[in-house]
file upload.txt (compact mmCIF, C-alpha atoms)
# COMPACT_ATOMS: atom_id res chain seq x y z
CA MET A 1 61.72 -147.50 -47.38
CA HIS A 2 64.82 -148.17 -45.29
CA THR A 3 65.50 -151.61 -43.81
CA MET A 4 63.71 -152.28 -40.53
CA THR A 5 63.86 -155.08 -37.98
CA ASP A 6 61.49 -158.03 -38.06
CA PRO A 7 58.04 -156.80 -36.98
CA GLU A 8 57.79 -159.45 -34.23
CA ASP A 9 60.85 -157.97 -32.54
CA ASN A 10 60.15 -154.37 -33.47
CA TRP A 11 58.97 -152.53 -30.36
CA LEU A 12 58.96 -148.78 -29.85
CA TRP A 13 58.73 -147.52 -26.28
CA ILE A 14 57.14 -144.07 -25.99
CA ILE A 15 57.79 -142.69 -22.53
CA GLY A 16 55.45 -139.88 -21.53
CA PRO A 17 51.70 -140.13 -22.24
CA GLY A 18 51.16 -136.41 -22.65
CA ALA A 19 49.78 -134.76 -25.76
CA ILE A 20 52.73 -135.46 -28.08
CA GLY A 21 53.26 -138.96 -26.70
CA ARG A 22 49.62 -139.86 -27.26
CA LEU A 23 49.58 -138.25 -30.71
CA LEU A 24 52.60 -140.28 -31.83
CA ALA A 25 51.38 -143.53 -30.27
CA ALA A 26 47.85 -143.28 -31.69
CA SER A 27 49.06 -142.31 -35.17
CA LEU A 28 51.67 -145.08 -35.38
CA MET A 29 49.39 -147.82 -34.08
CA ALA A 30 46.50 -146.72 -36.32
CA ALA A 31 48.84 -146.84 -39.33
CA ARG A 32 50.16 -150.24 -38.28
CA GLN A 33 46.64 -151.63 -37.90
CA ARG A 34 45.71 -150.20 -41.31
CA GLU A 35 48.74 -151.86 -42.93
CA LEU A 36 47.91 -155.19 -41.27
CA ARG A 37 44.35 -155.05 -42.61
CA GLU A 38 45.47 -154.15 -46.12
CA ARG A 39 48.68 -156.21 -46.46
CA GLU A 40 48.60 -158.68 -43.54
CA THR A 41 52.05 -157.39 -42.61
CA SER A 42 53.57 -154.17 -41.34
CA ALA A 43 57.10 -152.88 -40.91
CA LEU A 44 55.89 -150.33 -38.36
CA PRO A 45 56.78 -151.03 -34.72
CA ARG A 46 54.45 -152.20 -32.01
CA VAL A 47 54.06 -149.44 -29.43
CA LEU A 48 54.41 -149.59 -25.66
CA LEU A 49 53.35 -146.36 -23.97
CA LEU A 50 54.86 -145.79 -20.54
CA GLY A 51 53.68 -143.33 -17.92
CA ARG A 52 53.34 -142.92 -14.18
CA GLN A 53 49.67 -143.83 -13.68
CA ALA A 54 49.14 -147.04 -15.66
CA MET A 55 49.29 -150.62 -14.36
CA THR A 56 51.71 -153.19 -15.76
CA GLY A 57 50.62 -155.54 -18.55
CA GLN A 58 47.53 -153.55 -19.42
CA ALA A 59 46.27 -151.44 -22.28
CA VAL A 60 44.29 -148.32 -23.07
CA MET A 61 42.33 -147.07 -26.05
CA LEU A 62 43.70 -143.83 -27.45
CA ASP A 63 41.08 -141.68 -29.17
CA MET A 64 42.67 -139.05 -31.41
CA ILE A 65 40.64 -136.25 -32.96
CA THR A 66 42.33 -135.18 -36.18
CA PRO A 67 42.53 -131.57 -37.45
CA GLU A 68 39.74 -132.62 -39.85
CA SER A 69 37.53 -133.60 -36.84
CA LEU A 70 37.78 -137.34 -37.54
CA ILE A 71 38.15 -139.75 -34.63
CA VAL A 72 40.96 -142.31 -34.90
CA SER A 73 41.16 -144.95 -32.15
CA ALA A 74 43.96 -147.38 -31.42
CA LYS A 75 44.55 -149.92 -28.66
CA ILE A 76 47.92 -149.30 -27.03
CA ASN A 77 49.92 -151.40 -24.58
CA TYR A 78 50.33 -149.14 -21.56
CA THR A 79 52.39 -149.61 -18.42
CA THR A 80 54.44 -147.67 -15.87
CA THR A 81 58.09 -146.73 -15.83
CA ASP A 82 58.54 -148.25 -12.38
CA THR A 83 57.52 -151.70 -13.71
CA LEU A 84 60.33 -151.90 -16.27
CA GLN A 85 61.96 -154.67 -14.23
CA GLY A 86 58.95 -156.90 -14.88
CA LEU A 87 58.80 -156.39 -18.64
CA PRO A 88 59.93 -159.13 -21.05
CA SER A 89 63.68 -159.37 -21.60
CA ARG A 90 63.29 -158.36 -25.26
CA LYS A 91 64.85 -154.92 -25.74
CA PRO A 92 63.05 -152.15 -27.67
CA SER A 93 64.14 -151.23 -31.18
CA ALA A 94 63.94 -147.56 -30.20
CA ILE A 95 62.80 -145.30 -27.38
CA TRP A 96 61.06 -141.94 -27.73
CA LEU A 97 61.18 -139.67 -24.69
CA THR A 98 58.11 -137.41 -24.75
CA THR A 99 58.12 -136.39 -21.09
CA LYS A 100 58.58 -132.77 -20.04
CA ALA A 101 62.20 -131.62 -20.12
CA HIS A 102 62.43 -131.41 -16.33
CA GLY A 103 61.25 -135.04 -16.07
CA VAL A 104 64.02 -136.55 -18.20
CA PRO A 105 66.62 -137.17 -15.42
CA ALA A 106 64.16 -139.16 -13.27
CA VAL A 107 62.94 -141.19 -16.26
CA TRP A 108 66.48 -141.89 -17.39
CA GLN A 109 67.44 -143.21 -13.95
CA GLN A 110 64.68 -145.83 -14.28
CA LEU A 111 65.28 -146.53 -17.96
CA ALA A 112 69.07 -146.76 -18.31
CA PRO A 113 69.55 -150.19 -16.64
CA HIS A 114 67.11 -151.82 -19.08
CA ILE A 115 68.52 -150.78 -22.47
CA THR A 116 71.77 -151.25 -24.34
CA PRO A 117 74.22 -148.43 -25.20
CA GLY A 118 73.29 -148.90 -28.87
CA THR A 119 69.54 -148.45 -28.39
CA PRO A 120 68.40 -145.35 -30.32
CA VAL A 121 66.88 -142.85 -27.88
CA THR A 122 65.04 -139.86 -29.35
CA CYS A 123 64.38 -136.69 -27.37
CA TRP A 124 61.13 -134.89 -28.25
CA GLN A 125 61.47 -132.26 -25.53
CA ASN A 126 60.89 -128.56 -25.93
CA GLY A 127 63.78 -126.25 -25.16
CA LEU A 128 67.47 -127.09 -25.03
CA SER A 129 68.16 -128.48 -21.58
CA ALA A 130 67.32 -132.19 -21.68
CA GLN A 131 69.22 -132.92 -24.91
CA PRO A 132 72.76 -131.91 -23.85
CA TRP A 133 72.18 -133.54 -20.44
CA LEU A 134 71.25 -136.85 -22.04
CA ALA A 135 74.02 -136.61 -24.66
CA GLU A 136 76.54 -136.93 -21.83
CA ARG A 137 74.94 -140.22 -20.77
CA HIS A 138 73.92 -142.00 -23.97
CA ALA A 139 75.87 -142.19 -27.22
CA ASN A 140 73.12 -143.18 -29.67
CA LEU A 141 71.03 -140.05 -29.10
CA LEU A 142 68.63 -138.58 -31.64
CA CYS A 143 66.53 -135.45 -31.31
CA ALA A 144 63.25 -134.45 -32.89
CA SER A 145 61.92 -130.98 -33.53
CA THR A 146 58.26 -130.77 -34.47
CA THR A 147 55.65 -128.12 -35.13
CA GLU A 148 52.75 -130.58 -34.80
CA GLY A 149 50.09 -129.17 -32.48
CA ALA A 150 48.35 -131.34 -29.89
CA TRP A 151 46.56 -130.95 -26.59
CA LEU A 152 44.71 -133.13 -24.10
CA PRO A 153 40.93 -132.84 -23.75
CA ALA A 154 39.24 -133.59 -20.44
CA GLU A 155 39.30 -137.34 -19.86
CA THR A 156 35.89 -138.89 -20.31
CA GLY A 157 36.54 -142.41 -19.09
CA ALA A 158 37.54 -143.23 -15.53
CA ASN A 159 37.16 -146.99 -15.90
CA THR A 160 39.27 -149.31 -13.83
CA MET A 161 42.27 -150.40 -15.86
CA PRO A 162 41.54 -153.83 -17.43
CA ASP A 163 43.79 -156.75 -18.12
CA ALA A 164 45.46 -157.27 -21.48
CA GLY A 165 42.64 -159.49 -22.75
CA SER A 166 39.91 -156.92 -22.32
CA THR A 167 37.80 -155.76 -25.23
CA ALA A 168 37.86 -152.24 -26.63
CA ASP A 169 34.63 -151.42 -24.79
CA ASP A 170 36.28 -152.33 -21.46
CA LEU A 171 39.41 -150.27 -21.98
CA GLN A 172 40.00 -146.90 -20.41
CA HIS A 173 39.83 -144.25 -23.13
CA LEU A 174 42.45 -141.50 -23.26
CA GLY A 175 42.00 -138.63 -25.66
CA VAL A 176 44.24 -136.35 -27.65
CA GLN A 177 43.36 -133.48 -29.97
CA HIS A 178 45.60 -133.16 -33.02
CA ALA A 179 45.16 -129.42 -33.29
CA GLY A 180 47.34 -128.60 -36.27
CA ARG A 181 49.57 -130.34 -38.80
CA GLY A 182 53.18 -129.28 -38.94
CA HIS A 183 56.60 -130.61 -39.86
CA THR A 184 59.08 -132.81 -37.98
CA TRP A 185 62.86 -132.87 -38.29
CA LEU A 186 64.84 -135.74 -36.84
CA GLY A 187 68.58 -136.22 -36.58
CA ALA A 188 71.53 -137.44 -34.57
CA TRP A 189 72.78 -135.20 -31.76
CA GLN A 190 76.33 -133.90 -32.11
CA SER A 191 77.55 -132.38 -28.86
CA ASP A 192 80.66 -130.81 -30.38
CA GLY A 193 79.23 -129.91 -33.80
CA ASP A 194 82.17 -131.53 -35.62
CA GLY A 195 82.16 -134.29 -38.21
CA GLU A 196 79.43 -136.43 -39.68
CA PRO A 197 76.70 -137.99 -37.57
CA ASP A 198 77.41 -141.47 -36.24
CA SER A 199 76.35 -143.97 -38.93
CA GLN A 200 74.25 -145.96 -36.44
CA SER A 201 72.39 -142.85 -35.30
CA HIS A 202 72.03 -141.64 -38.90
CA GLN A 203 70.44 -144.94 -39.96
CA ALA A 204 68.14 -144.86 -36.93
CA ALA A 205 67.00 -141.36 -37.89
CA LEU A 206 66.17 -142.50 -41.43
CA VAL A 207 64.19 -145.47 -40.13
CA GLN A 208 62.25 -143.35 -37.64
CA CYS A 209 61.44 -140.79 -40.32
CA ASP A 210 59.96 -143.62 -42.36
CA TRP A 211 57.80 -144.60 -39.39
CA LEU A 212 56.54 -141.04 -39.02
CA LYS A 213 55.80 -140.66 -42.73
CA ALA A 214 53.84 -143.92 -42.72
CA ALA A 215 51.83 -142.55 -39.78
CA GLY A 216 50.89 -139.45 -41.78
CA PHE A 217 53.44 -136.93 -40.50
CA ALA A 218 55.62 -134.72 -42.68
CA CYS A 219 59.16 -135.63 -41.61
CA GLU A 220 62.72 -135.30 -42.85
CA GLN A 221 66.07 -136.38 -41.53
CA THR A 222 68.52 -133.53 -40.94
CA PRO A 223 72.30 -133.58 -40.40
CA ASP A 224 72.03 -130.39 -38.29
CA ILE A 225 69.38 -131.05 -35.68
CA GLN A 226 70.84 -128.53 -33.24
CA THR A 227 69.98 -125.63 -35.55
CA ARG A 228 66.48 -127.04 -35.90
CA LEU A 229 66.21 -127.24 -32.12
CA TRP A 230 67.21 -123.59 -31.82
CA HIS A 231 64.53 -122.73 -34.40
CA LYS A 232 61.93 -124.69 -32.42
CA LEU A 233 63.13 -122.97 -29.24
CA ALA A 234 62.56 -119.59 -30.91
CA ILE A 235 59.01 -120.57 -31.88
CA ASN A 236 58.21 -121.90 -28.42
CA ALA A 237 59.72 -118.87 -26.71
CA ALA A 238 57.64 -116.48 -28.83
CA ILE A 239 54.37 -118.36 -28.30
CA ASN A 240 54.26 -120.54 -25.19
CA PRO A 241 55.08 -118.02 -22.43
CA LEU A 242 52.54 -115.50 -23.77
CA VAL A 243 49.67 -117.94 -24.13
CA ALA A 244 50.47 -119.45 -20.73
CA ARG A 245 50.70 -116.05 -19.03
CA TYR A 246 47.39 -114.82 -20.49
CA ARG A 247 45.70 -118.24 -20.70
CA ILE A 248 44.70 -117.99 -24.34
CA ARG A 249 44.88 -120.24 -27.40
CA ASN A 250 47.60 -119.74 -29.98
CA GLY A 251 45.33 -118.07 -32.53
CA GLN A 252 44.48 -115.25 -30.14
CA LEU A 253 48.07 -114.03 -30.43
CA ARG A 254 47.07 -112.54 -33.79
CA ASP A 255 44.79 -110.05 -32.02
CA ARG A 256 45.44 -107.01 -29.86
CA PRO A 257 46.87 -106.58 -27.33
CA PHE A 258 48.90 -109.73 -27.94
CA ALA A 259 50.17 -109.22 -31.52
CA PRO A 260 52.58 -106.40 -30.49
CA MET A 261 53.86 -108.61 -27.67
CA VAL A 262 54.63 -111.36 -30.16
CA ARG A 263 56.59 -108.91 -32.30
CA GLN A 264 58.59 -107.73 -29.30
CA ALA A 265 59.29 -111.30 -28.21
CA VAL A 266 60.51 -112.18 -31.72
CA GLU A 267 62.79 -109.12 -31.77
CA GLU A 268 64.36 -110.12 -28.45
CA ILE A 269 64.75 -113.76 -29.52
CA SER A 270 66.24 -112.94 -32.94
CA ALA A 271 68.83 -110.64 -31.35
CA VAL A 272 70.01 -113.48 -29.10
CA LEU A 273 70.13 -116.06 -31.89
CA ASP A 274 71.97 -113.66 -34.19
CA SER A 275 74.60 -113.14 -31.47
CA GLU A 276 74.87 -116.94 -31.10
CA GLY A 277 75.44 -117.36 -34.83
CA ILE A 278 72.16 -119.22 -35.40
CA SER A 279 71.00 -118.57 -38.94
CA ALA A 280 67.47 -117.27 -39.43
CA PRO A 281 64.96 -119.23 -41.51
CA ARG A 282 64.55 -118.11 -45.13
CA GLU A 283 61.24 -116.42 -44.41
CA GLY A 284 62.56 -114.64 -41.31
CA TRP A 285 61.72 -115.19 -37.64
CA GLN A 286 58.55 -113.08 -37.61
CA ALA A 287 57.04 -114.81 -40.62
CA LEU A 288 57.92 -118.25 -39.24
CA VAL A 289 56.27 -117.54 -35.88
CA GLU A 290 53.18 -116.13 -37.57
CA GLN A 291 52.98 -119.20 -39.79
CA VAL A 292 53.05 -121.51 -36.76
CA ILE A 293 50.42 -119.41 -34.95
CA ARG A 294 48.11 -119.74 -37.98
CA ALA A 295 48.70 -123.47 -38.30
CA THR A 296 48.05 -124.11 -34.59
CA ALA A 297 45.43 -121.42 -34.00
CA ASN A 298 43.15 -123.75 -32.04
CA ASN A 299 46.00 -125.27 -30.06
CA ARG A 300 46.45 -125.06 -26.32
CA ALA A 301 50.22 -124.82 -26.03
CA SER A 302 51.88 -127.30 -23.70
CA MET A 303 52.89 -124.57 -21.26
CA LEU A 304 49.29 -123.34 -21.10
CA GLN A 305 48.11 -126.89 -20.44
CA ASP A 306 50.61 -127.14 -17.58
CA VAL A 307 49.50 -123.82 -16.06
CA LEU A 308 45.82 -124.77 -16.25
CA ALA A 309 46.55 -128.14 -14.64
CA GLY A 310 48.76 -126.68 -11.91
CA ARG A 311 51.82 -128.60 -13.15
CA PRO A 312 55.41 -127.34 -13.38
CA THR A 313 56.07 -125.67 -16.73
CA GLU A 314 59.01 -125.90 -19.13
CA VAL A 315 59.78 -122.19 -18.77
CA GLU A 316 63.34 -122.94 -17.69
CA ALA A 317 63.98 -125.26 -20.65
CA ILE A 318 62.51 -122.77 -23.13
CA LEU A 319 63.54 -119.35 -21.83
CA GLY A 320 66.56 -120.43 -19.78
CA PRO A 321 68.94 -121.00 -22.75
CA LEU A 322 67.94 -117.64 -24.26
CA ARG A 323 68.48 -115.79 -20.98
CA LEU A 324 71.91 -117.39 -20.50
CA ALA A 325 72.94 -116.52 -24.06
CA ALA A 326 71.65 -112.95 -23.64
CA ALA A 327 73.71 -112.57 -20.47
CA ARG A 328 76.83 -113.73 -22.32
CA HIS A 329 76.30 -111.11 -25.02
CA GLY A 330 75.07 -108.29 -22.78
CA LEU A 331 71.59 -108.22 -24.32
CA ALA A 332 68.46 -107.04 -22.52
CA LEU A 333 65.28 -109.16 -22.68
CA PRO A 334 62.65 -107.04 -20.90
CA LEU A 335 59.59 -108.95 -22.11
CA LEU A 336 61.07 -112.45 -21.90
CA ASP A 337 62.57 -111.77 -18.47
CA ASP A 338 59.20 -110.53 -17.22
CA LEU A 339 57.43 -113.61 -18.58
CA TYR A 340 60.11 -115.83 -17.04
CA ARG A 341 59.59 -114.28 -13.60
CA GLN A 342 55.81 -114.50 -13.80
CA LEU A 343 55.75 -118.11 -15.00
CA SER A 344 58.41 -119.18 -12.48
CA THR A 345 56.00 -118.12 -9.73
CA PRO A 346 53.47 -120.82 -8.77
CA GLN A 347 50.32 -120.30 -10.84
CA ARG A 348 46.80 -120.35 -9.44

call {"tool": "encode", "arguments": {"input": "upload.txt", "output": "C-alpha cells"}}
result
Amino acid sequence: MHTMTDPEDNWLWIIGPGAIGRLLAASLMAARQRELRERETSALPRVLLLGRQAMTGQAVMLDMITPESLIVSAKINYTTTDTLQGLPSRKPSAIWLTTKAHGVPAVWQQLAPHITPGTPVTCWQNGLSAQPWLAERHANLLCASTTEGAWLPAETGANTMPDAGSTADDLQHLGVQHAGRGHTWLGAWQSDGDGEPDSQSHQAALVQCDWLKAAGFACEQTPDIQTRLWHKLAINAAINPLVARYRIRNGQLRDRPFAPMVRQAVEEISAVLDSEGISAPREGWQALVEQVIRATANNRASMLQDVLAGRPTEVEAILGPLRLAAARHGLALPLLDDLYRQLSTPQR
C-alpha cells in the first residue's frame, strides 16, 4: 500500500451527499471501522460529508444496502458547505466532488478559500463539462470514472439532526442502494494531453485508489483519464437519457421497444467518438453498453432520479459535449438531439 498521512490528520471531504457521495462515504467509513476493530489502527481517512441541508458539527447514520442485500451502516460527520468558515483550521488530505456537474461552480466558490493549491481535488461528475472548468482553477486536479451503480431510496427517518455526541439510535438515517458493482478509474487531469501527469497528482491518485480498494471497490490508476471519461460519457449518453425519458430502470433497456433505441444511440455516439479520435474499448461500444446495462439492471440512473424528483438533470454535461463534437464534424444525431430537447424541457 502506498504511503499515507497520519490517520489523525487524514480527513477526506466528500462534497455532495447524493447516491455516489453516500456510497463512497459509507463504504470508506465502514472499512475504516472494520480495520480499527481488527487492527486498532487504520490508514483510511476519516470522512466529512458536506451538503446543503445538514447542520454544522453534526452527524448522520448512512445505511447502505449492498448488491447482495446486506445492510452496512456507518456514522458519518455531516455538515453544510456554507459552514466551511467555522470548521477546524486543519486542512483535508483530499476532497472528492460528488455534486452534479452543474453544481460544481457554486460549490467551488465556497470551497476554494479554505484549501491550499496543493490539495488533491477529485471530480466524480458525469459528462465532460465540470472537469475542464475546474482544471482552469485548480492545478492538483484528479478525475474519477466509475461504473458503480447507486440510487437513493425514499428517506425513512425525518429525525431532528442531533449533536455530535448523539447515539446511533438518535441519528438521522440516510439510505443508499448499491445497485451494481462496477469498476473505477482514477487519474490526474491533463488539460493539454502532453507529458506525464504531475508527480503530486499521480501519487494522490495511487493513494486514493488504495482507499477505494480497501473499501471494496475495483479501482485502478490510469495515466489517460480523459479517454476513460469519454468512455464513461458514451455509457451515460446511451443509457441515462433513455431511462430518464421513459422513466424505467436500466435493465428494461434490454427489452422492446427500448433495445433498438439503445443500438441507435450507440451508433450515433460511436460515430462522434470515432471522428474525435477516441479509441473504442476492446469489446466494442455496443458490448460495453450492454455489459453495463446487465451489471446495473436494477439501477435507477442518476438522470432518472433527477427527473422523478423534479431536479435539474445533467443532460447538458452528458449530451452537450457529443452535440458540440457532432456539429464540428457535420454529423447528425437524430435520437440524441430529440432526447436532449425533451429532457431540457421541465419535466412533470

call {"tool": "atom_distance", "arguments": {"input": "upload.txt", "atom1": "CA of Ile225 in chain A", "atom2": "CA of Trp151 in chain A"}}
result
24.6 Å

call {"tool": "atom_distance", "arguments": {"input": "upload.txt", "atom1": "CA of Pro132 in chain A", "atom2": "CA of Ala265 in chain A"}}
result
25.0 Å

call {"tool": "closest_atom_pairs", "arguments": {"input": "upload.txt", "of": "range 248-269 of chain A", "to": "range 304-310 of chain A", "cutoff": "12 Å", "atoms": "all atoms listed in the file", "output": "CSV"}}
result
residue,atom,partner,partner_atom,distance
A:Ile248,CA,A:Leu304,CA,7.8
A:Arg249,CA,A:Leu304,CA,8.3
A:Asn250,CA,A:Leu304,CA,9.7

call {"tool": "closest_residue", "arguments": {"input": "upload.txt", "among": "A:Ala94, A:Leu288, A:Leu319, A:Leu70", "to": "Trp211 in chain A", "atoms": "only C-alpha atoms"}}
result
A:Ala94

call {"tool": "closest_residue", "arguments": {"input": "upload.txt", "among": "A:Ile115, A:Cys209, A:Ala325, A:Val266", "to": "Leu44 in chain A", "atoms": "all atoms listed in the file"}}
result
A:Cys209

call {"tool": "residues_around", "arguments": {"input": "upload.txt", "residues": "Gln177 in chain A", "least_positions_apart": "2", "cutoff": "12 Å", "atoms": "only C-alpha atoms", "output": "mmCIF file with C-alpha atoms, keeping the file's coordinate frame"}}
result
data_model
loop_
_atom_site.group_PDB
_atom_site.id
_atom_site.type_symbol
_atom_site.label_atom_id
_atom_site.label_comp_id
_atom_site.auth_asym_id
_atom_site.auth_seq_id
_atom_site.Cartn_x
_atom_site.Cartn_y
_atom_site.Cartn_z
ATOM 1 C CA GLY A 18 51.160 -136.410 -22.650
ATOM 2 C CA ALA A 19 49.780 -134.760 -25.760
ATOM 3 C CA ILE A 20 52.730 -135.460 -28.080
ATOM 4 C CA GLY A 21 53.260 -138.960 -26.700
ATOM 5 C CA ARG A 22 49.620 -139.860 -27.260
ATOM 6 C CA LEU A 23 49.580 -138.250 -30.710
ATOM 7 C CA LEU A 24 52.600 -140.280 -31.830
ATOM 8 C CA ALA A 26 47.850 -143.280 -31.690
ATOM 9 C CA SER A 27 49.060 -142.310 -35.170
ATOM 10 C CA LEU A 62 43.700 -143.830 -27.450
ATOM 11 C CA ASP A 63 41.080 -141.680 -29.170
ATOM 12 C CA MET A 64 42.670 -139.050 -31.410
ATOM 13 C CA ILE A 65 40.640 -136.250 -32.960
ATOM 14 C CA THR A 66 42.330 -135.180 -36.180
ATOM 15 C CA PRO A 67 42.530 -131.570 -37.450
ATOM 16 C CA GLU A 68 39.740 -132.620 -39.850
ATOM 17 C CA SER A 69 37.530 -133.600 -36.840
ATOM 18 C CA LEU A 70 37.780 -137.340 -37.540
ATOM 19 C CA ILE A 71 38.150 -139.750 -34.630
ATOM 20 C CA VAL A 72 40.960 -142.310 -34.900
ATOM 21 C CA SER A 73 41.160 -144.950 -32.150
ATOM 22 C CA GLU A 148 52.750 -130.580 -34.800
ATOM 23 C CA GLY A 149 50.090 -129.170 -32.480
ATOM 24 C CA ALA A 150 48.350 -131.340 -29.890
ATOM 25 C CA TRP A 151 46.560 -130.950 -26.590
ATOM 26 C CA LEU A 152 44.710 -133.130 -24.100
ATOM 27 C CA PRO A 153 40.930 -132.840 -23.750
ATOM 28 C CA ALA A 154 39.240 -133.590 -20.440
ATOM 29 C CA GLU A 155 39.300 -137.340 -19.860
ATOM 30 C CA LEU A 174 42.450 -141.500 -23.260
ATOM 31 C CA GLY A 175 42.000 -138.630 -25.660
ATOM 32 C CA ALA A 179 45.160 -129.420 -33.290
ATOM 33 C CA GLY A 180 47.340 -128.600 -36.270
ATOM 34 C CA ARG A 181 49.570 -130.340 -38.800
ATOM 35 C CA THR A 296 48.050 -124.110 -34.590
ATOM 36 C CA ASN A 298 43.150 -123.750 -32.040
ATOM 37 C CA ASN A 299 46.000 -125.270 -30.060
ATOM 38 C CA ARG A 300 46.450 -125.060 -26.320
ATOM 39 C CA ALA A 301 50.220 -124.820 -26.030
#

call {"tool": "residues_around", "arguments": {"input": "upload.txt", "residues": "Gly51 in chain A", "least_positions_apart": "3", "cutoff": "6 Å", "atoms": "only C-alpha atoms", "output": "number ranges by chain"}}
result
A: 16-17, 80-81

call {"tool": "residues_around", "arguments": {"input": "upload.txt", "residues": "Leu97 in chain A", "least_positions_apart": "4", "cutoff": "8 Å", "atoms": "all atoms listed in the file", "output": "compact mmCIF listing (two decimals) with C-alpha atoms, keeping the file's coordinate frame"}}
result
# COMPACT_ATOMS: atom_id res chain seq x y z
CA ILE A 14 57.14 -144.07 -25.99
CA ILE A 15 57.79 -142.69 -22.53
CA GLY A 16 55.45 -139.88 -21.53
CA VAL A 104 64.02 -136.55 -18.20
CA VAL A 121 66.88 -142.85 -27.88
CA THR A 122 65.04 -139.86 -29.35
CA CYS A 123 64.38 -136.69 -27.37
CA TRP A 124 61.13 -134.89 -28.25
CA GLN A 125 61.47 -132.26 -25.53

call {"tool": "atom_distance", "arguments": {"input": "upload.txt", "atom1": "CA of Pro334 in chain A", "atom2": "CA of Gln131 in chain A"}}
result
27.0 Å

call {"tool": "closest_residue", "arguments": {"input": "upload.txt", "among": "A:Gln109, A:Ala214, A:Asp82, A:Leu134", "to": "Glu35 in chain A", "atoms": "all atoms listed in the file"}}
result
A:Ala214

call {"tool": "closest_atom_pairs", "arguments": {"input": "upload.txt", "of": "range 198-254 of chain A", "to": "range 338-346 of chain A", "cutoff": "9 Å", "atoms": "all atoms listed in the file", "output": "JSON lines"}}
result
{"residue": "A:Pro241", "atom": "CA", "partner": "A:Leu339", "partner_atom": "CA", "distance": 6.3}
{"residue": "A:Leu242", "atom": "CA", "partner": "A:Leu339", "partner_atom": "CA", "distance": 7.4}
{"residue": "A:Ala244", "atom": "CA", "partner": "A:Leu343", "partner_atom": "CA", "distance": 7.9}
{"residue": "A:Arg245", "atom": "CA", "partner": "A:Leu343", "partner_atom": "CA", "distance": 6.8}

call {"tool": "residues_around", "arguments": {"input": "upload.txt", "residues": "Lys232 in chain A", "least_positions_apart": "6", "cutoff": "12 Å", "atoms": "all atoms listed in the file", "output": "ChimeraX atom specification"}}
result
/A:124-128,143-148,182-185,225-226,238-240,269,273,278,280-281,285,288-289,292,317-319

call {"tool": "closest_residue", "arguments": {"input": "upload.txt", "among": "A:Arg32, A:Arg256, A:Arg323, A:Arg311", "to": "His102 in chain A", "atoms": "only C-alpha atoms"}}
result
A:Arg311

call {"tool": "axis_aligned_box", "arguments": {"input": "upload.txt", "around": "range 99-113 of chain A", "padding_each_side": "6 Å", "output": "JSON"}}
result
{"center_x": 63.8, "center_y": -140.8, "center_z": -17.2, "size_x": 23.4, "size_y": 30.8, "size_z": 19.8}

call {"tool": "residues_near_point", "arguments": {"input": "upload.txt", "point": "(70.7, -128.9, -34.1)", "cutoff": "9 Å", "atoms": "only C-alpha atoms", "output": "short mmCIF file (atom, residue, chain, number, x, y, z; two decimals) with C-alpha atoms, in the coordinates of the input"}}
result
data_model
loop_
_atom_site.label_atom_id
_atom_site.label_comp_id
_atom_site.auth_asym_id
_atom_site.auth_seq_id
_atom_site.Cartn_x
_atom_site.Cartn_y
_atom_site.Cartn_z
CA CYS A 143 66.53 -135.45 -31.31
CA GLY A 187 68.58 -136.22 -36.58
CA ALA A 188 71.53 -137.44 -34.57
CA TRP A 189 72.78 -135.20 -31.76
CA GLN A 190 76.33 -133.90 -32.11
CA GLY A 193 79.23 -129.91 -33.80
CA THR A 222 68.52 -133.53 -40.94
CA PRO A 223 72.30 -133.58 -40.40
CA ASP A 224 72.03 -130.39 -38.29
CA ILE A 225 69.38 -131.05 -35.68
CA GLN A 226 70.84 -128.53 -33.24
CA THR A 227 69.98 -125.63 -35.55
CA ARG A 228 66.48 -127.04 -35.90
CA LEU A 229 66.21 -127.24 -32.12
CA TRP A 230 67.21 -123.59 -31.82
CA HIS A 231 64.53 -122.73 -34.40
#

call {"tool": "closest_residue", "arguments": {"input": "upload.txt", "among": "A:Ala271, A:Cys219, A:Leu12, A:Val60", "to": "Thr119 in chain A", "atoms": "all atoms listed in the file"}}
result
A:Leu12

call {"tool": "residues_around", "arguments": {"input": "upload.txt", "residues": "Asp210 in chain A", "least_positions_apart": "2", "cutoff": "12 Å", "atoms": "only C-alpha atoms", "output": "PyMOL selection string"}}
result
chain A and resi 1-4+28+31+43-45+184-186+203-208+212-221

call {"tool": "write_last_selection", "arguments": {"input": "upload.txt", "atoms": "C-alpha atoms", "output": "mmCIF file, keeping the file's coordinate frame"}}
result
data_model
loop_
_atom_site.group_PDB
_atom_site.id
_atom_site.type_symbol
_atom_site.label_atom_id
_atom_site.label_comp_id
_atom_site.auth_asym_id
_atom_site.auth_seq_id
_atom_site.Cartn_x
_atom_site.Cartn_y
_atom_site.Cartn_z
ATOM 1 C CA MET A 1 61.720 -147.500 -47.380
ATOM 2 C CA HIS A 2 64.820 -148.170 -45.290
ATOM 3 C CA THR A 3 65.500 -151.610 -43.810
ATOM 4 C CA MET A 4 63.710 -152.280 -40.530
ATOM 5 C CA LEU A 28 51.670 -145.080 -35.380
ATOM 6 C CA ALA A 31 48.840 -146.840 -39.330
ATOM 7 C CA ALA A 43 57.100 -152.880 -40.910
ATOM 8 C CA LEU A 44 55.890 -150.330 -38.360
ATOM 9 C CA PRO A 45 56.780 -151.030 -34.720
ATOM 10 C CA THR A 184 59.080 -132.810 -37.980
ATOM 11 C CA TRP A 185 62.860 -132.870 -38.290
ATOM 12 C CA LEU A 186 64.840 -135.740 -36.840
ATOM 13 C CA GLN A 203 70.440 -144.940 -39.960
ATOM 14 C CA ALA A 204 68.140 -144.860 -36.930
ATOM 15 C CA ALA A 205 67.000 -141.360 -37.890
ATOM 16 C CA LEU A 206 66.170 -142.500 -41.430
ATOM 17 C CA VAL A 207 64.190 -145.470 -40.130
ATOM 18 C CA GLN A 208 62.250 -143.350 -37.640
ATOM 19 C CA LEU A 212 56.540 -141.040 -39.020
ATOM 20 C CA LYS A 213 55.800 -140.660 -42.730
ATOM 21 C CA ALA A 214 53.840 -143.920 -42.720
ATOM 22 C CA ALA A 215 51.830 -142.550 -39.780
ATOM 23 C CA GLY A 216 50.890 -139.450 -41.780
ATOM 24 C CA PHE A 217 53.440 -136.930 -40.500
ATOM 25 C CA ALA A 218 55.620 -134.720 -42.680
ATOM 26 C CA CYS A 219 59.160 -135.630 -41.610
ATOM 27 C CA GLU A 220 62.720 -135.300 -42.850
ATOM 28 C CA GLN A 221 66.070 -136.380 -41.530
#
